[in-house]
Amino acid sequence: MSGFMDRAIEEARSAAARGEVPVGAVIVRDGAVLAAAGNRTLELCDPTAHAEILAIRAAATAIGSERLVGCDLYVSLEPCAMCAGAISFARLRRLYYGAGDVKGGAVEHNVRFFASPACHHAPEVYSGIGESEAGQLLRNFFADRR
């Protein structure tokens, strides 16, 4: 597994410790981490505070541009439709994700945003990176709440 995906899973663990759905994201350019975040929707009372969105915002601020050209995103869970849209608008080069999300994912499940005519930019997509660890973290989180 990639060290960057390890970092995304650590962000997901931190999110779980805060009571958030355990999803973590890391944005990398030229081998260096520009931004890392975990879900904060409950903490911020913000339904858009998904790990991917927070990482995109932080990376854009770090480089001073809304276009993250040449940047790669590592995220522990398949992005939802909102996050897939943000990934496209940010012009991220590559998306690496861990666990697939049959219910809410929008990359390889459901709306398959990057294959849609509404998508102006599609990153290269690599799935299943750290899938078992990311998936187990999510299963444990939800099992504890049932």
# chains A, B, ... in the order shown; residues from 1 in each chain; ligands from 1
>>> residues_around(residues="Tyr74 in chain A", least_positions_apart="2", cutoff="12 Å", atoms="only C-alpha atoms", output="ChimeraX atom specification")
/A:1-12,23-29,33-38,51-52,55-56,71-72,76-79,87,92-99,124-131,134
>>> select_by_dssp(residues="chain A", states="alpha helix (DSSP H)", output="NGL selection string")
:A and (3-17 or 41-44 or 51-63 or 81-90 or 131-144)
>>> residues_around(residues="range 112-114 of chain A", least_positions_apart="4", cutoff="8 Å", atoms="only C-alpha atoms", output="list of chain:residue names")
A:Ala81, A:Ala84, A:Gly85, A:Ser88, A:Ala106, A:Val107, A:Glu108, A:Ala118, A:Cys119, A:His121, A:Ala122, A:Pro123
>>> write_last_selection(atoms="C-alpha atoms", output="short mmCIF file (atom, residue, chain, number, x, y, z; two decimals), in the first residue's frame")
data_model
loop_
_atom_site.label_atom_id
_atom_site.label_comp_id
_atom_site.auth_asym_id
_atom_site.auth_seq_id
_atom_site.Cartn_x
_atom_site.Cartn_y
_atom_site.Cartn_z
CA ALA A 81 -21.17 12.70 -6.41
CA ALA A 84 -16.41 13.68 -7.68
CA GLY A 85 -17.66 17.02 -9.01
CA SER A 88 -13.27 17.33 -11.64
CA ALA A 106 -20.10 8.03 -7.70
CA VAL A 107 -16.89 6.94 -9.44
CA GLU A 108 -17.33 3.24 -10.22
CA ALA A 118 -21.50 16.71 -17.51
CA CYS A 119 -17.91 15.97 -16.45
CA HIS A 121 -12.29 16.77 -16.55
CA ALA A 122 -11.81 13.18 -15.47
CA PRO A 123 -8.76 12.12 -13.47
#
>>> atom_distance(atom1="CA of Gly100 in chain A", atom2="CA of Gly135 in chain A")
8.1 Å
>>> closest_residue(among="A:Met82, A:His120, A:Phe89, A:Thr41", to="Ala60 in chain A", atoms="only C-alpha atoms")
A:Phe89
